[in-house]
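Asker: Pasting in a structure now, in structure tokens, and then I'll have a few things to ask.
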Amino acid sequence: MHFSAYLIFEVNRSMKINQFICNDSDAWTPQLEANSNAQLLLVFAAPKMFHDNQRFKALLKAFPKAGIMGCSTSGEIMGQNVHDNTVVVTAVEFEKTRVAFSQVLLNDTTDSYVCGKSLINQLDKKDLRHVLVLSDGLHVNGSELVKGMRESLPEGITVTGGLAGDGADFKNTYVLSQNGEVMEKAITAVGFYGEAIHVSYGSYGGWDPFGVERKVTSSKANVLYSIDNQPALELYKSFLGENAQHLPSSGLLFPLSLRTKEDEQPVVRTILAVNEADQSITFAGDLPEGSYVRLMKANTERLIQGAIKAAEITHKGMKSEHADLAILVSCVGRKLVLKQLVEEEVEGVYRLLGEGHHSTGFYSYGEISPFSDNAACELHNQTMTLTVLSEH
């Protein structure tokens with residue numbers, strides 16, 4: 001695998017950004033230098049890299065003034081490239097912006113709402129401009145987490161981020177504390193403070209619904225029991241055919257479009273687990289009884305154009321002429337469909353946001369963002385979601 005050095009671009013920018021990457025050998029490209037004033041380290045890494053937290057502790061020795069924000073992935077994004085089995089690090093030094101961290105531990109999915117409220121309430125609300133969140137990807141009810149955070153945020157302040165990944169294995173996901181500790185069943189957040197920081201965001205999918213719309217007739221939170229009074233898993237398998245034997249990972253290729261009201265924009269839900277005993281399906285977010293769902297499928301061109309659409313939405317919301325840092329959170333299902341074309345969606349986003357910015361991010365089990373400016377924050381699946389930061 002080829003690794004490229006990532007340089008600092010100086011285009012009248014007050015944020016100073018360095019990026020690094022390493023593989024199993026722990027050889028960093030470029031070499032870590034212990035002289036940075038960075039306050040934030042964004043760390044996205046393959047799940048196997050979390051079996052030993054010493055590499056993350058080493059990062060803090062190189063960047064002693066920084067706190068870590070990171071998680072396991074289903075693929076790591078750096079610049080215009082998508083990597084597997086690596087650690088990618090983005091060190092950010094702000095000139096005028098303050099950052100603060102918070103974290104909570106999940107006991108079970110029933111406390112996701114409470115965890116969301118606690119995560120936000122730990123942060124000082126004065127001068128808060130934005131919150132970035134990274135969560136466990138398997139034990140959280142993502143829509144309840146978002147609801148709790150949304151209700152606790154000051155008016156006009158929103159949150160973006162995503163759910164940690166584990167390739168397509170759905171076994172273990174990990175989140176890093178600000179001190180570099182590897183945690184399971186955890187959620188972390190970083191708040192950005194002050195008038196100098198500008199944040200824009202956007203989210204878009206590109207999946208095509210097909211078949212008839214069906215009613216959710218029995219569910220509890222994010223566990224779906226029946227659709228049109230038929231056992232949910234039995235009905236879902238009938239659509240998947242041979243792919244059914246590879247559940248839950250094959251479910252990433254056939255998500256559900258969900259709407260609870262006639263005039264609302266649908267959100268997408270993907271599978272986290274299946275239960276043969278009661279024929280239920282567990283999703284990353286709620287599927288309320290009485291809501292309507294349709295099966296979805298993808299073609300590569302629509303997914304790539306969907307990523308570019310997310311970048312267009314984000315670019316439209318930018319209050320500055322340029323982006324300093326773009327954080328991309330794209331769903332693992334998109335990666336599985338795009339295969340060798342996966343870098344095309346990342347490249348499309350990079351080109352639209354303009355030369356000279358830095359990009360990082362990961363392939364996830366869920367994305368957190370409003371669709372666009374002035375929209376409510378939602379849990380998404382199967383989208384490309386962007387958060388763009390600039391400082392002035």
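Residues are named by chain letter and number: chains run A, B, ... in the order of the structure tokens, numbers start at 1 in each chain, and ligands are numbered from 1 in the order shown.
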Please provide as a VMD selection string all residues within 6 Å of segment 328-335 of chain A, with the sequence filter that same-chain residues fewer than 2 positions apart are discarded (counting only C-alpha atoms).

Answerer: chain A and resid 74 252 to 253 337 to 339 342 361 to 365 382 to 386

Asker: Keeping only N, CA and C atoms, take the residues you just selected and write them out as an mmCIF file, in the first residue's frame.

Answerer:
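result-v5.cif, written as the output of this step:
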```cif
data_model
loop_
_atom_site.group_PDB
_atom_site.id
_atom_site.type_symbol
_atom_site.label_atom_id
_atom_site.label_comp_id
_atom_site.auth_asym_id
_atom_site.auth_seq_id
_atom_site.Cartn_x
_atom_site.Cartn_y
_atom_site.Cartn_z
ATOM 1 N N SER A 74 -15.022 1.269 9.450
ATOM 2 C CA SER A 74 -15.140 0.287 8.373
ATOM 3 C C SER A 74 -14.364 0.760 7.156
ATOM 4 N N LEU A 252 -26.814 -4.451 4.698
ATOM 5 C CA LEU A 252 -26.263 -3.153 4.330
ATOM 6 C C LEU A 252 -26.554 -2.802 2.882
ATOM 7 N N LEU A 253 -26.782 -3.815 2.069
ATOM 8 C CA LEU A 253 -27.046 -3.595 0.649
ATOM 9 C C LEU A 253 -28.512 -3.296 0.374
ATOM 10 N N VAL A 337 -21.084 -1.442 -1.651
ATOM 11 C CA VAL A 337 -21.657 -1.364 -2.996
ATOM 12 C C VAL A 337 -20.639 -0.813 -3.994
ATOM 13 N N LEU A 338 -19.943 0.248 -3.609
ATOM 14 C CA LEU A 338 -19.016 0.908 -4.530
ATOM 15 C C LEU A 338 -17.759 0.082 -4.795
ATOM 16 N N LYS A 339 -17.330 -0.709 -3.809
ATOM 17 C CA LYS A 339 -16.147 -1.568 -3.956
ATOM 18 C C LYS A 339 -14.947 -0.765 -4.452
ATOM 19 N N VAL A 342 -14.939 3.122 -4.541
ATOM 20 C CA VAL A 342 -15.275 3.850 -3.323
ATOM 21 C C VAL A 342 -14.572 5.199 -3.248
ATOM 22 N N GLY A 361 -11.937 11.323 7.919
ATOM 23 C CA GLY A 361 -13.230 10.721 8.205
ATOM 24 C C GLY A 361 -13.177 9.213 8.193
ATOM 25 N N PHE A 362 -14.359 8.601 8.115
ATOM 26 C CA PHE A 362 -14.404 7.141 8.216
ATOM 27 C C PHE A 362 -15.716 6.611 7.653
ATOM 28 N N TYR A 363 -15.719 5.302 7.389
ATOM 29 C CA TYR A 363 -16.931 4.581 7.011
ATOM 30 C C TYR A 363 -17.547 4.014 8.290
ATOM 31 N N SER A 364 -18.859 4.224 8.427
ATOM 32 C CA SER A 364 -19.516 4.144 9.730
ATOM 33 C C SER A 364 -20.671 3.152 9.734
ATOM 34 N N TYR A 365 -21.257 3.005 10.935
ATOM 35 C CA TYR A 365 -22.512 2.274 11.100
ATOM 36 C C TYR A 365 -23.706 3.223 11.249
ATOM 37 N N GLN A 382 -26.589 5.028 5.498
ATOM 38 C CA GLN A 382 -26.359 4.938 4.044
ATOM 39 C C GLN A 382 -26.195 6.295 3.378
ATOM 40 N N THR A 383 -25.784 7.308 4.141
ATOM 41 C CA THR A 383 -25.540 8.622 3.554
ATOM 42 C C THR A 383 -24.056 8.945 3.548
ATOM 43 N N MET A 384 -23.702 9.947 2.760
ATOM 44 C CA MET A 384 -22.445 10.668 2.931
ATOM 45 C C MET A 384 -22.800 11.924 3.725
ATOM 46 N N THR A 385 -22.147 12.097 4.877
ATOM 47 C CA THR A 385 -22.408 13.236 5.735
ATOM 48 C C THR A 385 -21.123 14.014 5.953
ATOM 49 N N LEU A 386 -21.189 15.328 5.810
ATOM 50 C CA LEU A 386 -19.996 16.170 5.916
ATOM 51 C C LEU A 386 -20.150 17.192 7.023
#
```

Asker: Given the choices A:Leu176, A:Leu352, A:Ala326, A:Val223, which gets closest to Leu389 of chain A if the distance is worked out from only C-alpha atoms?

Answerer: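 Using only C-alpha atoms, Leu389 of chain A sits closest to A:Ala326.
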
Asker: So, with only C-alpha atoms as the atoms that count, which of A:Asn121, A:Gln31, A:Thr260, A:Ser369 lies closest to Gln103 of chain A?

Answerer: A:Asn121

Asker: Leaving out Ser218 of chain A and any residue of its chain fewer than 2 positions from it, which residues lie within 8 Å of it when counting only C-alpha atoms, given as number ranges by chain?

Answerer: A: 216, 220, 224-227, 229, 289

Asker: Excluding same-chain residues fewer than 2 positions from segment 84-99 of chain A, what lies within 9 Å of it counting only C-alpha atoms, as a ChimeraX atom specification?

Answerer: /A:14-24,26,36-49,59,63,66-67,70,73-78,82,101,190-197,325,358-361,391-392

Asker: Could you check the closest approach to Lys147 of chain A for each of A:Leu247, A:Ala310, A:Leu119, A:Ala27 and tell me which residue wins, using only C-alpha atoms?

Answerer: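 So, comparing all the options, the nearest one is A:Leu119.
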
Asker: As a list in words, list the residues of segment 190-239 of chain A assigned to alpha helix (DSSP H) by DSSP on the backbone atoms of this structure.

Answerer: Ala232, Leu233, Glu234, Leu235, Tyr236, Lys237, Ser238 and Phe239 of chain A

Asker: Residues as selected, N, CA and C atoms, written as an mmCIF file, in the first residue's frame, can you do that?

Answerer:
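Okay, again-v3.cif is ready:
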```cif
data_model
loop_
_atom_site.group_PDB
_atom_site.id
_atom_site.type_symbol
_atom_site.label_atom_id
_atom_site.label_comp_id
_atom_site.auth_asym_id
_atom_site.auth_seq_id
_atom_site.Cartn_x
_atom_site.Cartn_y
_atom_site.Cartn_z
ATOM 1 N N ALA A 232 -41.181 -9.632 10.670
ATOM 2 C CA ALA A 232 -40.292 -8.714 9.949
ATOM 3 C C ALA A 232 -39.142 -9.438 9.257
ATOM 4 N N LEU A 233 -38.472 -10.333 9.970
ATOM 5 C CA LEU A 233 -37.309 -11.006 9.386
ATOM 6 C C LEU A 233 -37.724 -11.930 8.240
ATOM 7 N N GLU A 234 -38.833 -12.636 8.416
ATOM 8 C CA GLU A 234 -39.322 -13.527 7.350
ATOM 9 C C GLU A 234 -39.615 -12.746 6.078
ATOM 10 N N LEU A 235 -40.303 -11.603 6.226
ATOM 11 C CA LEU A 235 -40.636 -10.781 5.065
ATOM 12 C C LEU A 235 -39.386 -10.197 4.427
ATOM 13 N N TYR A 236 -38.473 -9.711 5.260
ATOM 14 C CA TYR A 236 -37.240 -9.107 4.750
ATOM 15 C C TYR A 236 -36.409 -10.134 3.978
ATOM 16 N N LYS A 237 -36.310 -11.341 4.515
ATOM 17 C CA LYS A 237 -35.552 -12.398 3.836
ATOM 18 C C LYS A 237 -36.156 -12.739 2.473
ATOM 19 N N SER A 238 -37.471 -12.650 2.362
ATOM 20 C CA SER A 238 -38.113 -12.991 1.087
ATOM 21 C C SER A 238 -37.685 -12.041 -0.026
ATOM 22 N N PHE A 239 -37.309 -10.814 0.328
ATOM 23 C CA PHE A 239 -36.822 -9.865 -0.664
ATOM 24 C C PHE A 239 -35.341 -10.086 -0.984
#
```

Asker: Given only C-alpha atoms as the basis, pick out the residue of A:Ile157, A:Ala168, A:Ala284, A:Leu240 nearest to His139 of chain A.

Answerer: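 Distance minimum relative to His139 of chain A lands on A:Ala284.
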
Asker: Choose the residue, out of A:Val388, A:Leu123, A:Ala244, A:Ile281, that has the smallest atom-to-atom separation from Ala323 of chain A; count only C-alpha atoms.

Answerer: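 Closest to Ala323 of chain A, using only C-alpha atoms: A:Val388.
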
Asker: Step one, run DSSP on the backbone; step two, keep only residues of segment 23-267 of chain A assigned to strand (DSSP E); then write them as a PyMOL selection string.

Answerer: chain A and resi 40-45+67-72+76-78+81-83+87-93+98-105+128-135+159-163+175-176+182-183+186-193+197-204+208-220+223-227+230-231+256-259+267

Asker: Tell me, in Å to one decimal, how far atom CA of Leu153 of chain A is from atom CA of Ile68 of chain A.

Answerer: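 That distance, rounded to one decimal, is 22.2 Å.
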
Asker: Kindly indicate which residue among A:His380, A:Lys319, A:His130, A:Lys171 lies nearest to Val267 of chain A, using only C-alpha atoms for the distances.

Answerer: A:His380

Asker: So how many Å separate atom CA of Glu144 of chain A and atom CA of Leu379 of chain A, to one decimal?

Answerer: 8.9 Å

Asker: Segment 54-56 of chain A: which residues within 8 Å, counting only C-alpha atoms, same-chain residues fewer than 2 positions away excluded, as a PDB file with N, CA and C atoms, in the first residue's frame?

Answerer:
```pdb
ATOM      1  N   ASP A  26       3.503   0.452  12.758  1.00  0.00           N
ATOM      2  CA  ASP A  26       3.585   1.653  13.600  1.00  0.00           C
ATOM      3  C   ASP A  26       4.580   2.671  13.077  1.00  0.00           C
ATOM      4  N   ASP A  52      -4.393  -2.680  21.289  1.00  0.00           N
ATOM      5  CA  ASP A  52      -3.318  -2.145  22.118  1.00  0.00           C
ATOM      6  C   ASP A  52      -3.411  -0.623  22.058  1.00  0.00           C
ATOM      7  N   ALA A  58       1.021   7.134  22.500  1.00  0.00           N
ATOM      8  CA  ALA A  58       2.180   7.744  21.837  1.00  0.00           C
ATOM      9  C   ALA A  58       1.790   9.040  21.140  1.00  0.00           C
ATOM     10  N   LEU A  59       0.581   9.082  20.629  1.00  0.00           N
ATOM     11  CA  LEU A  59       0.110  10.306  19.991  1.00  0.00           C
ATOM     12  C   LEU A  59       0.070  11.466  20.972  1.00  0.00           C
ATOM     13  N   LEU A  60      -0.358  11.183  22.190  1.00  0.00           N
ATOM     14  CA  LEU A  60      -0.469  12.243  23.186  1.00  0.00           C
ATOM     15  C   LEU A  60       0.904  12.721  23.644  1.00  0.00           C
ATOM     16  N   GLY A 180      -6.868   8.934  25.285  1.00  0.00           N
ATOM     17  CA  GLY A 180      -6.346   7.824  24.501  1.00  0.00           C
ATOM     18  C   GLY A 180      -6.706   6.451  25.005  1.00  0.00           C
ATOM     19  N   GLU A 181      -7.642   6.353  25.959  1.00  0.00           N
ATOM     20  CA  GLU A 181      -8.076   5.047  26.454  1.00  0.00           C
ATOM     21  C   GLU A 181      -9.069   4.428  25.465  1.00  0.00           C
TER      22      GLU A 181
END
```

Asker: One decimal, Å: what's the distance from atom CA of Asp228 of chain A over to atom CA of Pro248 of chain A, could you say?

Answerer: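 Calculated distance between atom CA of Asp228 of chain A and atom CA of Pro248 of chain A is 21.5 Å.
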
Asker: Can you tell me which residues surround segment 254-259 of chain A at a distance of at most 8 Å, considering only C-alpha atoms, apart from same-chain residues fewer than 5 positions away, and format the answer as a PDB file with N, CA and C atoms, in the first residue's frame?

Answerer:
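Listed below is the output, result_22.pdb:
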```pdb
ATOM      1  N   PRO A 209     -35.521   3.797  -3.610  1.00  0.00           N
ATOM      2  CA  PRO A 209     -36.553   2.927  -3.052  1.00  0.00           C
ATOM      3  C   PRO A 209     -37.230   2.121  -4.156  1.00  0.00           C
ATOM      4  N   LEU A 240     -34.577 -10.577  -0.013  1.00  0.00           N
ATOM      5  CA  LEU A 240     -33.134 -10.697  -0.190  1.00  0.00           C
ATOM      6  C   LEU A 240     -32.725 -11.927  -0.990  1.00  0.00           C
ATOM      7  N   GLU A 264     -42.861  14.500   5.372  1.00  0.00           N
ATOM      8  CA  GLU A 264     -41.488  14.628   5.833  1.00  0.00           C
ATOM      9  C   GLU A 264     -40.518  13.917   4.895  1.00  0.00           C
ATOM     10  N   GLN A 265     -39.261  14.376   4.940  1.00  0.00           N
ATOM     11  CA  GLN A 265     -38.230  13.739   4.133  1.00  0.00           C
ATOM     12  C   GLN A 265     -37.845  12.415   4.776  1.00  0.00           C
ATOM     13  N   PRO A 266     -37.873  11.315   4.027  1.00  0.00           N
ATOM     14  CA  PRO A 266     -37.558  10.020   4.628  1.00  0.00           C
ATOM     15  C   PRO A 266     -36.117   9.947   5.119  1.00  0.00           C
ATOM     16  N   VAL A 267     -35.907   9.160   6.168  1.00  0.00           N
ATOM     17  CA  VAL A 267     -34.559   8.806   6.605  1.00  0.00           C
ATOM     18  C   VAL A 267     -34.342   7.334   6.280  1.00  0.00           C
ATOM     19  N   VAL A 268     -33.088   6.924   6.333  1.00  0.00           N
ATOM     20  CA  VAL A 268     -32.743   5.551   5.964  1.00  0.00           C
ATOM     21  C   VAL A 268     -32.297   4.788   7.202  1.00  0.00           C
ATOM     22  N   ARG A 269     -32.708   3.551   7.316  1.00  0.00           N
ATOM     23  CA  ARG A 269     -32.327   2.695   8.443  1.00  0.00           C
ATOM     24  C   ARG A 269     -31.676   1.418   7.920  1.00  0.00           C
ATOM     25  N   THR A 270     -30.565   1.028   8.552  1.00  0.00           N
ATOM     26  CA  THR A 270     -29.903  -0.229   8.200  1.00  0.00           C
ATOM     27  C   THR A 270     -29.847  -1.168   9.401  1.00  0.00           C
ATOM     28  N   ILE A 271     -29.623  -2.426   9.100  1.00  0.00           N
ATOM     29  CA  ILE A 271     -29.654  -3.494  10.101  1.00  0.00           C
ATOM     30  C   ILE A 271     -28.373  -3.522  10.930  1.00  0.00           C
ATOM     31  N   LEU A 287     -37.837   2.671  14.590  1.00  0.00           N
ATOM     32  CA  LEU A 287     -38.856   2.497  13.552  1.00  0.00           C
ATOM     33  C   LEU A 287     -40.209   2.471  14.252  1.00  0.00           C
ATOM     34  N   SER A 291     -45.401   3.871  11.308  1.00  0.00           N
ATOM     35  CA  SER A 291     -44.598   4.507  10.259  1.00  0.00           C
ATOM     36  C   SER A 291     -44.578   3.608   9.024  1.00  0.00           C
ATOM     37  N   TYR A 292     -44.029   4.139   7.951  1.00  0.00           N
ATOM     38  CA  TYR A 292     -44.037   3.417   6.679  1.00  0.00           C
ATOM     39  C   TYR A 292     -42.607   3.215   6.174  1.00  0.00           C
ATOM     40  N   VAL A 293     -42.350   2.033   5.616  1.00  0.00           N
ATOM     41  CA  VAL A 293     -41.011   1.696   5.145  1.00  0.00           C
ATOM     42  C   VAL A 293     -41.077   1.141   3.723  1.00  0.00           C
ATOM     43  N   ARG A 294     -39.995   1.368   2.987  1.00  0.00           N
ATOM     44  CA  ARG A 294     -39.810   0.760   1.660  1.00  0.00           C
ATOM     45  C   ARG A 294     -38.387   0.247   1.575  1.00  0.00           C
ATOM     46  N   LEU A 295     -38.220  -0.832   0.876  1.00  0.00           N
ATOM     47  CA  LEU A 295     -36.889  -1.373   0.654  1.00  0.00           C
ATOM     48  C   LEU A 295     -36.125  -0.477  -0.329  1.00  0.00           C
ATOM     49  N   MET A 296     -34.801  -0.452  -0.189  1.00  0.00           N
ATOM     50  CA  MET A 296     -33.984   0.381  -1.061  1.00  0.00           C
ATOM     51  C   MET A 296     -32.844  -0.441  -1.645  1.00  0.00           C
ATOM     52  N   LYS A 297     -32.361   0.009  -2.800  1.00  0.00           N
ATOM     53  CA  LYS A 297     -31.206  -0.612  -3.435  1.00  0.00           C
ATOM     54  C   LYS A 297     -30.358   0.507  -4.029  1.00  0.00           C
ATOM     55  N   GLN A 382     -26.589   5.028   5.498  1.00  0.00           N
ATOM     56  CA  GLN A 382     -26.359   4.938   4.044  1.00  0.00           C
ATOM     57  C   GLN A 382     -26.195   6.295   3.378  1.00  0.00           C
TER      58      GLN A 382
END
```

Asker: Write out as a list of chain:residue names each polymer residue whose atoms come within 12 Å of His315 of chain A, counting only C-alpha atoms; drop sequence neighbours fewer than 5 positions from it.

Answerer: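 With the cut-off at 12 Å, the set is A:Val199, A:Ser200, A:Tyr201, A:Gly202, A:Ser203, A:Ile308, A:Lys309, A:Ala310, A:Ser320, A:Glu321, A:His322, A:Ala323, A:Ala326, A:Val349, A:Tyr350, A:Arg351, A:Leu352, A:Leu353, A:Gly354, A:Ser372, A:Asp373, A:Leu386, A:Thr387, A:Val388, A:Leu389, A:Ser390.
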
Asker: Output C-alpha atoms for every residue in the selection just made, as a short mmCIF file (atom, residue, chain, number, x, y, z; two decimals), in the first residue's frame.

Answerer:
```cif
data_model
loop_
_atom_site.label_atom_id
_atom_site.label_comp_id
_atom_site.auth_asym_id
_atom_site.auth_seq_id
_atom_site.Cartn_x
_atom_site.Cartn_y
_atom_site.Cartn_z
CA VAL A 199 -19.27 25.14 10.73
CA SER A 200 -21.32 23.90 7.79
CA TYR A 201 -22.76 20.46 7.15
CA GLY A 202 -24.84 18.36 4.80
CA SER A 203 -26.06 14.82 4.29
CA ILE A 308 -21.37 15.19 -4.39
CA LYS A 309 -24.88 16.42 -3.54
CA ALA A 310 -23.95 16.29 0.17
CA SER A 320 -16.31 31.53 4.30
CA GLU A 321 -14.63 31.28 0.92
CA HIS A 322 -12.75 28.14 1.81
CA ALA A 323 -12.86 25.03 3.94
CA ALA A 326 -13.73 18.50 6.11
CA VAL A 349 -16.46 15.66 -2.39
CA TYR A 350 -12.85 16.88 -2.26
CA ARG A 351 -13.02 18.53 -5.67
CA LEU A 352 -16.27 20.32 -4.93
CA LEU A 353 -15.01 21.73 -1.61
CA GLY A 354 -11.92 23.10 -3.36
CA SER A 372 -28.97 20.92 5.65
CA ASP A 373 -28.89 24.31 7.40
CA LEU A 386 -20.00 16.17 5.92
CA THR A 387 -18.90 18.57 8.62
CA VAL A 388 -16.71 21.44 7.39
CA LEU A 389 -14.75 23.62 9.82
CA SER A 390 -13.03 26.93 9.13
#
```
